[in-house]
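S.K.: Dropping in start14.cif, which is mmCIF, N, CA and C atoms:
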data_run
loop_
_atom_site.label_atom_id
_atom_site.label_comp_id
_atom_site.auth_asym_id
_atom_site.auth_seq_id
_atom_site.Cartn_x
_atom_site.Cartn_y
_atom_site.Cartn_z
N MET A 1 0.89 57.13 15.25
CA MET A 1 -0.35 57.64 14.71
C MET A 1 -0.60 59.03 15.31
N GLU A 2 -1.01 59.94 14.49
CA GLU A 2 -1.25 61.32 14.90
C GLU A 2 -2.66 61.49 15.49
N LEU A 3 -2.85 62.60 16.19
CA LEU A 3 -4.14 62.93 16.80
C LEU A 3 -5.28 62.84 15.79
N ASN A 4 -5.09 63.47 14.64
CA ASN A 4 -6.17 63.48 13.64
C ASN A 4 -6.54 62.07 13.20
N GLU A 5 -5.54 61.20 13.06
CA GLU A 5 -5.81 59.82 12.64
C GLU A 5 -6.53 59.04 13.74
N ARG A 6 -6.15 59.29 14.98
CA ARG A 6 -6.79 58.58 16.10
C ARG A 6 -8.26 59.00 16.25
N VAL A 7 -8.53 60.29 16.10
CA VAL A 7 -9.91 60.76 16.21
C VAL A 7 -10.76 60.12 15.11
N LYS A 8 -10.25 60.13 13.90
CA LYS A 8 -11.01 59.53 12.79
C LYS A 8 -11.19 58.03 12.99
N LEU A 9 -10.14 57.34 13.43
CA LEU A 9 -10.22 55.91 13.67
C LEU A 9 -11.28 55.59 14.73
N LEU A 10 -11.26 56.30 15.83
CA LEU A 10 -12.24 56.07 16.88
C LEU A 10 -13.66 56.35 16.40
N ARG A 11 -13.82 57.44 15.66
CA ARG A 11 -15.15 57.80 15.16
C ARG A 11 -15.68 56.72 14.22
N THR A 12 -14.83 56.26 13.30
CA THR A 12 -15.28 55.26 12.33
C THR A 12 -15.48 53.89 12.99
N GLU A 13 -14.65 53.55 13.98
CA GLU A 13 -14.85 52.30 14.71
C GLU A 13 -16.19 52.27 15.43
N HIS A 14 -16.64 53.46 15.85
CA HIS A 14 -17.93 53.56 16.54
C HIS A 14 -19.08 53.81 15.55
N LYS A 15 -18.75 53.74 14.26
CA LYS A 15 -19.75 53.88 13.18
C LYS A 15 -20.55 55.18 13.30
N LEU A 16 -19.83 56.26 13.54
CA LEU A 16 -20.45 57.58 13.65
C LEU A 16 -20.08 58.43 12.45
N THR A 17 -21.03 59.20 11.98
CA THR A 17 -20.70 60.20 10.97
C THR A 17 -20.03 61.37 11.69
N GLN A 18 -19.40 62.24 10.93
CA GLN A 18 -18.80 63.42 11.54
C GLN A 18 -19.87 64.25 12.24
N GLU A 19 -21.02 64.34 11.62
CA GLU A 19 -22.11 65.13 12.20
C GLU A 19 -22.62 64.52 13.51
N GLN A 20 -22.79 63.22 13.54
CA GLN A 20 -23.24 62.55 14.77
C GLN A 20 -22.24 62.76 15.90
N PHE A 21 -20.97 62.59 15.58
CA PHE A 21 -19.93 62.76 16.58
C PHE A 21 -19.87 64.20 17.07
N ALA A 22 -19.94 65.14 16.15
CA ALA A 22 -19.90 66.56 16.50
C ALA A 22 -21.05 66.91 17.45
N THR A 23 -22.22 66.44 17.13
CA THR A 23 -23.40 66.71 17.97
C THR A 23 -23.21 66.09 19.35
N ALA A 24 -22.67 64.88 19.39
CA ALA A 24 -22.49 64.17 20.66
C ALA A 24 -21.56 64.90 21.62
N ILE A 25 -20.55 65.59 21.08
CA ILE A 25 -19.60 66.26 21.98
C ILE A 25 -19.77 67.79 21.97
N GLY A 26 -20.77 68.27 21.25
CA GLY A 26 -21.09 69.69 21.31
C GLY A 26 -20.21 70.61 20.50
N ILE A 27 -19.77 70.14 19.34
CA ILE A 27 -18.98 70.99 18.44
C ILE A 27 -19.61 70.92 17.05
N THR A 28 -19.01 71.62 16.09
CA THR A 28 -19.56 71.61 14.74
C THR A 28 -18.95 70.49 13.90
N LYS A 29 -19.68 70.09 12.87
CA LYS A 29 -19.17 69.08 11.93
C LYS A 29 -17.91 69.60 11.26
N ALA A 30 -17.87 70.89 10.98
CA ALA A 30 -16.69 71.49 10.34
C ALA A 30 -15.46 71.33 11.23
N SER A 31 -15.64 71.48 12.54
CA SER A 31 -14.51 71.30 13.46
C SER A 31 -14.00 69.87 13.42
N VAL A 32 -14.92 68.90 13.42
CA VAL A 32 -14.51 67.49 13.35
C VAL A 32 -13.74 67.26 12.06
N SER A 33 -14.23 67.78 10.97
CA SER A 33 -13.57 67.62 9.68
C SER A 33 -12.15 68.20 9.72
N LYS A 34 -12.01 69.38 10.29
CA LYS A 34 -10.68 70.01 10.39
C LYS A 34 -9.76 69.22 11.30
N PHE A 35 -10.29 68.67 12.40
CA PHE A 35 -9.46 67.84 13.29
C PHE A 35 -8.94 66.63 12.53
N GLU A 36 -9.85 65.97 11.80
CA GLU A 36 -9.49 64.73 11.12
C GLU A 36 -8.54 64.96 9.94
N LYS A 37 -8.58 66.14 9.36
CA LYS A 37 -7.67 66.46 8.26
C LYS A 37 -6.35 67.03 8.77
N GLY A 38 -6.26 67.23 10.08
CA GLY A 38 -5.04 67.79 10.66
C GLY A 38 -4.89 69.28 10.43
N MET A 39 -5.98 69.94 10.06
CA MET A 39 -5.95 71.38 9.79
C MET A 39 -6.10 72.20 11.07
N LYS A 40 -6.62 71.56 12.12
CA LYS A 40 -6.87 72.24 13.38
C LYS A 40 -6.76 71.21 14.49
N ALA A 41 -6.20 71.63 15.61
CA ALA A 41 -6.13 70.74 16.77
C ALA A 41 -7.22 71.15 17.76
N PRO A 42 -7.84 70.18 18.40
CA PRO A 42 -8.86 70.53 19.39
C PRO A 42 -8.22 71.20 20.60
N GLY A 43 -8.95 72.12 21.22
CA GLY A 43 -8.49 72.73 22.46
C GLY A 43 -8.57 71.71 23.59
N ARG A 44 -8.06 72.09 24.75
CA ARG A 44 -8.02 71.19 25.89
C ARG A 44 -9.40 70.64 26.25
N GLU A 45 -10.38 71.53 26.33
CA GLU A 45 -11.74 71.11 26.71
C GLU A 45 -12.32 70.12 25.70
N THR A 46 -12.15 70.41 24.42
CA THR A 46 -12.67 69.51 23.39
C THR A 46 -11.91 68.20 23.38
N LEU A 47 -10.61 68.25 23.60
CA LEU A 47 -9.81 67.03 23.68
C LEU A 47 -10.33 66.14 24.80
N GLU A 48 -10.64 66.74 25.94
CA GLU A 48 -11.19 65.98 27.06
C GLU A 48 -12.56 65.40 26.72
N LYS A 49 -13.38 66.16 26.01
CA LYS A 49 -14.69 65.65 25.60
C LYS A 49 -14.54 64.45 24.67
N ILE A 50 -13.59 64.52 23.76
CA ILE A 50 -13.35 63.40 22.83
C ILE A 50 -12.90 62.17 23.63
N ALA A 51 -11.95 62.37 24.53
CA ALA A 51 -11.45 61.26 25.34
C ALA A 51 -12.57 60.64 26.18
N ASP A 52 -13.37 61.49 26.81
CA ASP A 52 -14.48 61.00 27.63
C ASP A 52 -15.50 60.24 26.77
N TYR A 53 -15.80 60.79 25.62
CA TYR A 53 -16.80 60.16 24.76
C TYR A 53 -16.38 58.75 24.35
N PHE A 54 -15.11 58.59 23.96
CA PHE A 54 -14.62 57.30 23.50
C PHE A 54 -14.02 56.46 24.63
N ASN A 55 -14.03 57.00 25.84
CA ASN A 55 -13.49 56.30 27.00
C ASN A 55 -12.03 55.90 26.80
N VAL A 56 -11.25 56.87 26.34
CA VAL A 56 -9.81 56.70 26.18
C VAL A 56 -9.11 57.84 26.92
N THR A 57 -7.80 57.72 27.09
CA THR A 57 -7.06 58.78 27.76
C THR A 57 -6.67 59.86 26.75
N THR A 58 -6.45 61.06 27.25
CA THR A 58 -5.96 62.13 26.38
C THR A 58 -4.56 61.80 25.89
N ASP A 59 -3.77 61.10 26.72
CA ASP A 59 -2.43 60.69 26.28
C ASP A 59 -2.51 59.79 25.05
N TYR A 60 -3.51 58.92 25.01
CA TYR A 60 -3.69 58.07 23.83
C TYR A 60 -4.01 58.92 22.61
N LEU A 61 -4.93 59.85 22.76
CA LEU A 61 -5.30 60.71 21.63
C LEU A 61 -4.10 61.50 21.12
N LEU A 62 -3.27 61.98 22.05
CA LEU A 62 -2.13 62.81 21.68
C LEU A 62 -0.92 62.00 21.19
N GLY A 63 -1.05 60.66 21.23
CA GLY A 63 0.05 59.83 20.77
C GLY A 63 1.14 59.64 21.81
N ARG A 64 0.87 60.03 23.05
CA ARG A 64 1.85 59.87 24.12
C ARG A 64 1.79 58.47 24.72
N SER A 65 0.76 57.72 24.36
CA SER A 65 0.58 56.35 24.83
C SER A 65 -0.10 55.55 23.73
N GLU A 66 0.29 54.30 23.63
CA GLU A 66 -0.37 53.42 22.67
C GLU A 66 -1.54 52.69 23.31
N GLU A 67 -1.67 52.83 24.64
CA GLU A 67 -2.75 52.19 25.37
C GLU A 67 -3.92 53.16 25.52
N PRO A 68 -5.09 52.82 24.99
CA PRO A 68 -6.22 53.74 25.09
C PRO A 68 -6.78 53.89 26.50
N GLU A 69 -6.56 52.87 27.35
CA GLU A 69 -7.10 52.91 28.71
C GLU A 69 -5.96 53.07 29.71
N LEU A 70 -6.32 53.43 30.93
CA LEU A 70 -5.34 53.56 31.99
C LEU A 70 -4.73 52.21 32.33
N THR A 71 -3.44 52.22 32.65
CA THR A 71 -2.80 51.01 33.13
C THR A 71 -3.23 50.78 34.57
N THR A 72 -2.93 49.62 35.11
CA THR A 72 -3.27 49.32 36.50
C THR A 72 -2.65 50.34 37.43
N GLU A 73 -1.40 50.70 37.19
CA GLU A 73 -0.70 51.69 38.03
C GLU A 73 -1.38 53.05 37.93
N GLU A 74 -1.72 53.46 36.72
CA GLU A 74 -2.40 54.74 36.54
C GLU A 74 -3.78 54.73 37.21
N ASP A 75 -4.46 53.59 37.14
CA ASP A 75 -5.76 53.46 37.77
C ASP A 75 -5.65 53.61 39.28
N LYS A 76 -4.58 53.06 39.86
CA LYS A 76 -4.34 53.21 41.30
C LYS A 76 -4.15 54.68 41.67
N ILE A 77 -3.42 55.40 40.83
CA ILE A 77 -3.18 56.83 41.08
C ILE A 77 -4.49 57.58 41.03
N VAL A 78 -5.31 57.30 40.02
CA VAL A 78 -6.61 57.96 39.90
C VAL A 78 -7.47 57.64 41.11
N SER A 79 -7.44 56.38 41.56
CA SER A 79 -8.21 55.99 42.74
C SER A 79 -7.74 56.74 43.98
N GLU A 80 -6.44 56.91 44.12
CA GLU A 80 -5.89 57.67 45.25
C GLU A 80 -6.34 59.13 45.19
N GLU A 81 -6.35 59.69 43.99
CA GLU A 81 -6.81 61.07 43.83
C GLU A 81 -8.28 61.17 44.25
N GLY A 82 -9.08 60.17 43.90
CA GLY A 82 -10.48 60.14 44.29
C GLY A 82 -10.64 60.12 45.80
N LYS A 83 -9.82 59.30 46.47
CA LYS A 83 -9.86 59.24 47.93
C LYS A 83 -9.48 60.59 48.53
N ASN A 84 -8.47 61.24 47.95
CA ASN A 84 -8.05 62.55 48.44
C ASN A 84 -9.16 63.58 48.29
N ILE A 85 -9.84 63.55 47.16
CA ILE A 85 -10.95 64.49 46.93
C ILE A 85 -12.06 64.23 47.94
N MET A 86 -12.37 62.96 48.17
CA MET A 86 -13.41 62.63 49.15
C MET A 86 -13.03 63.13 50.54
N ALA A 87 -11.77 62.98 50.91
CA ALA A 87 -11.32 63.45 52.23
C ALA A 87 -11.46 64.96 52.34
N ILE A 88 -11.13 65.66 51.27
CA ILE A 88 -11.26 67.12 51.28
C ILE A 88 -12.72 67.51 51.44
N ILE A 89 -13.60 66.86 50.69
CA ILE A 89 -15.03 67.17 50.79
C ILE A 89 -15.54 66.88 52.20
N GLU A 90 -15.14 65.75 52.75
CA GLU A 90 -15.61 65.37 54.09
C GLU A 90 -15.11 66.32 55.17
N SER A 91 -14.01 67.01 54.91
CA SER A 91 -13.47 67.94 55.91
C SER A 91 -14.17 69.30 55.89
N LEU A 92 -15.04 69.53 54.92
CA LEU A 92 -15.74 70.81 54.81
C LEU A 92 -16.86 70.90 55.85
N PRO A 93 -17.25 72.13 56.20
CA PRO A 93 -18.43 72.29 57.06
C PRO A 93 -19.64 71.67 56.36
N GLU A 94 -20.62 71.27 57.15
CA GLU A 94 -21.76 70.49 56.63
C GLU A 94 -22.43 71.10 55.41
N GLU A 95 -22.75 72.38 55.44
CA GLU A 95 -23.44 73.02 54.32
C GLU A 95 -22.59 73.00 53.05
N GLU A 96 -21.30 73.30 53.19
CA GLU A 96 -20.40 73.28 52.03
C GLU A 96 -20.22 71.85 51.51
N ARG A 97 -20.16 70.90 52.44
CA ARG A 97 -20.01 69.49 52.07
C ARG A 97 -21.21 69.04 51.24
N LYS A 98 -22.43 69.42 51.67
CA LYS A 98 -23.63 69.08 50.90
C LYS A 98 -23.56 69.64 49.49
N LYS A 99 -23.14 70.90 49.39
CA LYS A 99 -23.05 71.53 48.07
C LYS A 99 -22.00 70.84 47.20
N ALA A 100 -20.87 70.49 47.79
CA ALA A 100 -19.82 69.82 47.03
C ALA A 100 -20.31 68.47 46.50
N TRP A 101 -20.99 67.68 47.36
CA TRP A 101 -21.50 66.39 46.92
C TRP A 101 -22.57 66.56 45.85
N GLU A 102 -23.42 67.59 45.98
CA GLU A 102 -24.44 67.85 44.96
C GLU A 102 -23.79 68.17 43.62
N GLN A 103 -22.75 68.99 43.63
CA GLN A 103 -22.04 69.35 42.40
C GLN A 103 -21.41 68.11 41.77
N LEU A 104 -20.79 67.30 42.60
CA LEU A 104 -20.15 66.08 42.10
C LEU A 104 -21.19 65.13 41.51
N GLU A 105 -22.32 64.98 42.20
CA GLU A 105 -23.39 64.12 41.71
C GLU A 105 -23.94 64.62 40.38
N MET A 106 -24.13 65.93 40.26
CA MET A 106 -24.62 66.49 38.99
C MET A 106 -23.63 66.20 37.86
N TYR A 107 -22.34 66.35 38.14
CA TYR A 107 -21.33 66.10 37.12
C TYR A 107 -21.36 64.62 36.70
N VAL A 108 -21.40 63.72 37.66
CA VAL A 108 -21.41 62.29 37.35
C VAL A 108 -22.65 61.94 36.54
N ASN A 109 -23.81 62.46 36.93
CA ASN A 109 -25.04 62.19 36.17
C ASN A 109 -24.95 62.74 34.75
N TYR A 110 -24.35 63.91 34.60
CA TYR A 110 -24.17 64.50 33.27
C TYR A 110 -23.30 63.58 32.41
N MET A 111 -22.20 63.08 32.99
CA MET A 111 -21.29 62.21 32.23
C MET A 111 -21.98 60.89 31.86
N LYS A 112 -22.79 60.34 32.76
CA LYS A 112 -23.52 59.11 32.45
C LYS A 112 -24.50 59.36 31.31
N MET A 113 -25.20 60.47 31.39
CA MET A 113 -26.17 60.79 30.36
C MET A 113 -25.48 60.97 29.00
N LYS A 114 -24.34 61.64 29.02
CA LYS A 114 -23.60 61.89 27.80
C LYS A 114 -23.11 60.57 27.18
N LYS A 115 -22.67 59.64 27.98
CA LYS A 115 -22.19 58.36 27.46
C LYS A 115 -23.33 57.53 26.89
N ASN A 116 -24.54 57.69 27.43
CA ASN A 116 -25.68 56.91 26.95
C ASN A 116 -26.25 57.46 25.65
N ASN A 117 -25.85 58.66 25.26
CA ASN A 117 -26.37 59.24 24.01
C ASN A 117 -25.53 58.89 22.84
#
Could the structure of this file be written out as structure tokens, please?
M.R.:
Amino acid sequence: MELNERVKLLRTEHKLTQEQFATAIGITKASVSKFEKGMKAPGRETLEKIADYFNVTTDYLLGRSEEPELTTEEDKIVSEEGKNIMAIIESLPEEERKKAWEQLEMYVNYMKMKKNN
């Protein structure tokens, strides 16, 4: 299955119009239409927004995997990366550490808000 087919399948499975989906990820309805017709491929940032919105991997969208979610092994890798990021943040001087945690918290809150819409 091609990228355009996967995007359309996910959108229709979630009972979204092209306009609703476009608004949800911050692009135009025309762009969604072009993606679904295979006339245009989404850029990296938009591809990530699509994956985040539908809670699937970019590899799934690109047809590199038939599994929409991370495997157990992939999840372990992601968890290790999270631990590494936390260690880096904790090694920063106090003021920089506070700023890093604030930025991370803002990002997480943004993603939660986006998923709830």
S.K.: For the PyMOL selection byres (((chain A and resi 38 and name CA) around 12) and name CA), applied here, can you spell out every residue it catches as a PyMOL selection string?
M.R.: chain A and resi 1-8+31-37+39-42
S.K.: Give me the residues near stretch 15-27 of chain A as a list in words, where near means some atom within 8 Å (using all atoms listed in the file) and where sequence neighbours in that chain fewer than 4 positions away do not count.
M.R.: Leu9, Leu10, Arg11, Ser31, Val32, Ser33, Thr46, Lys49, Ile50, Tyr53, Lys114 and Asn117 of chain A
S.K.: One decimal, in Å: what's the spacing between atom CA of A:Met113 and atom CA of A:Glu45?
M.R.: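 The value is 18.1 Å.
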S.K.: Could you jot down the atom C of A:Ala30 to atom N of A:Asn55 separation for me, Å, one decimal place?
M.R.: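 Atom C of A:Ala30 sits 20.5 Å away from atom N of A:Asn55.
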S.K.: Suppose you want the space between atom CA of A:Thr57 and atom CA of A:Gln103; what is it in Å?
M.R.: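 Distance reported for this atom pair: 23.5 Å.
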S.K.: Give me every helix (DSSP H, G or I) residue in stretch 21-115 of chain A, going by DSSP on the backbone, as a PyMOL selection string.
M.R.: chain A and resi 21-25+29-37+44-54+58-61+72-90+94-115
